[in-house]
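Some notes on the structure that comes next.
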Amino acid sequence: MELYLDEIPPEGVDVDVRLEKGDPALQDLDVVDSVSGSLKVRKVGLQVLVRGQVAGKVRLRCARCLKDFDLDVLEEVNVELRPLMDLEGAAPDVELETDDLDVEFFRGDCLDLSHLVAEQIALGIPMKPLCSQTCAGICPQCGADLEKGPCGCVKEVPDERWSELLRLKDSLK
């Protein structure tokens, strides 16, 4: 969804964005159904402030058991968009501040809100997705699903050089 800067009144505009599963902006995400967002877009000088929420359901693979699961993502949007011309006069050695992490740049007189919504959904996906916090995963030796119970693998015998530390650990329990 594109929004032209001259269509934004001084008080801002409320925009509802809905992206269907096949939308090109969602090509890097395995979206289950659709992604939607409710945004307030406001111009402040040359900058554009976008506030609101985006929500969607994505299919992920558990980092422990490798099973697919669906995750509901709900993210707050708080992005400042600046025209790309702001970069032209910048010094080559500029250090980013914490506030600069929520800044994005746009070119021309049109904002692509679809990519902004898709990006916010992607930012809501955990780096290590888990189907549940208690997921036992799979056995690193035989690949058995440890959620179904323990496997028959023989546990590796610890190196004797660590025996004193293991006894100390047991005594602290």
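By order in the structure tokens, chains are A, B, ...; within a chain, residues start at 1; ligands start at 1, following the order shown.
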* To do: Could you find all residues in segment 9-125 of chain A that DSSP calls strand (DSSP E or B) from the backbone, and write them as an MDAnalysis selection string?
  => chainID A and resid 13:20 31:44 47:61 68:83 103:106 110:112
Can you write just those residues out, C-alpha atoms, as a short mmCIF file (atom, residue, chain, number, x, y, z; two decimals), in the first residue's frame?
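Saved the output as result_20.cif:
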```cif
data_model
loop_
_atom_site.label_atom_id
_atom_site.label_comp_id
_atom_site.auth_asym_id
_atom_site.auth_seq_id
_atom_site.Cartn_x
_atom_site.Cartn_y
_atom_site.Cartn_z
CA VAL A 13 -4.09 10.15 8.83
CA ASP A 14 -5.24 6.78 10.16
CA VAL A 15 -4.40 3.94 7.80
CA ASP A 16 -5.55 0.34 8.01
CA VAL A 17 -3.22 -1.99 6.11
CA ARG A 18 -4.05 -5.58 5.22
CA LEU A 19 -1.59 -7.77 3.37
CA GLU A 20 -2.73 -11.11 2.02
CA VAL A 31 2.53 -16.09 6.70
CA VAL A 32 -0.35 -18.39 7.64
CA ASP A 33 -3.25 -16.12 6.71
CA SER A 34 -2.87 -12.38 6.37
CA VAL A 35 -1.11 -9.52 8.14
CA SER A 36 -2.92 -6.41 9.23
CA GLY A 37 -1.95 -3.14 10.79
CA SER A 38 -3.56 -0.04 12.16
CA LEU A 39 -1.26 2.95 11.74
CA LYS A 40 -1.32 6.66 12.44
CA VAL A 41 0.86 8.50 9.91
CA ARG A 42 1.82 12.11 10.63
CA LYS A 43 4.20 14.58 8.99
CA VAL A 44 6.53 16.65 11.15
CA GLN A 47 9.97 13.61 8.65
CA VAL A 48 7.08 11.19 8.79
CA LEU A 49 6.11 9.50 12.05
CA VAL A 50 4.34 6.15 11.92
CA ARG A 51 2.75 4.78 15.10
CA GLY A 52 0.39 1.87 15.63
CA GLN A 53 0.22 -1.91 15.74
CA VAL A 54 0.67 -4.77 13.31
CA ALA A 55 -0.49 -8.35 13.78
CA GLY A 56 -0.19 -11.59 11.90
CA LYS A 57 0.39 -15.32 12.20
CA VAL A 58 3.61 -16.83 10.84
CA ARG A 59 4.73 -20.43 10.47
CA LEU A 60 8.12 -21.13 12.03
CA ARG A 61 10.33 -24.14 12.71
CA ASP A 68 6.66 -26.47 12.35
CA PHE A 69 4.37 -24.35 14.51
CA ASP A 70 2.33 -21.16 14.14
CA LEU A 71 3.18 -18.02 16.10
CA ASP A 72 0.91 -15.03 16.58
CA VAL A 73 2.95 -11.85 16.22
CA LEU A 74 1.71 -8.55 17.64
CA GLU A 75 4.15 -5.66 17.34
CA GLU A 76 3.98 -2.01 18.28
CA VAL A 77 5.09 0.28 15.47
CA ASN A 78 7.06 3.40 16.34
CA VAL A 79 9.06 4.41 13.28
CA GLU A 80 10.46 7.71 12.10
CA LEU A 81 10.88 8.03 8.34
CA ARG A 82 13.31 10.58 6.97
CA PRO A 83 13.88 11.59 3.37
CA VAL A 103 14.69 5.59 11.91
CA GLU A 104 14.17 4.53 8.32
CA PHE A 105 14.60 6.42 5.10
CA PHE A 106 12.38 6.94 2.10
CA CYS A 110 5.58 8.10 -1.69
CA LEU A 111 5.75 5.79 1.34
CA ASP A 112 5.42 2.02 0.93
#
```
* Among the residues A:Glu147, A:Asp6, A:Asp159, A:Asp28, the one that comes closest to Glu119 of chain A [using only C-alpha atoms] ->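 Nearest candidate to Glu119 of chain A out of A:Glu147, A:Asp6, A:Asp159, A:Asp28: A:Asp28.
Relative to atom CA of Arg64 of chain A, atom CA of Ala144 of chain A is found at 11.7 Å.
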* May I ask which of the residues A:Cys62, A:Leu166, A:Leu46, A:Leu26 is the closest one to Met127 of chain A, counting only C-alpha atoms? => A:Cys62
* **Point-to-point distance in Å for atom CA of Pro10 of chain A and atom CA of Leu123 of chain A** =>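 Atom CA of Pro10 of chain A lies 29.4 Å from atom CA of Leu123 of chain A.
Atom CA of Asp170 of chain A to atom CA of Pro158 of chain A spans 14.3 Å [interatomic distance, one decimal].
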* Asked: Restricting the calculation to only C-alpha atoms, which member of A:Lys155, A:Leu165, A:Ala122, A:Lys67 is positioned closest to Ala136 of chain A?
  -> A:Lys67
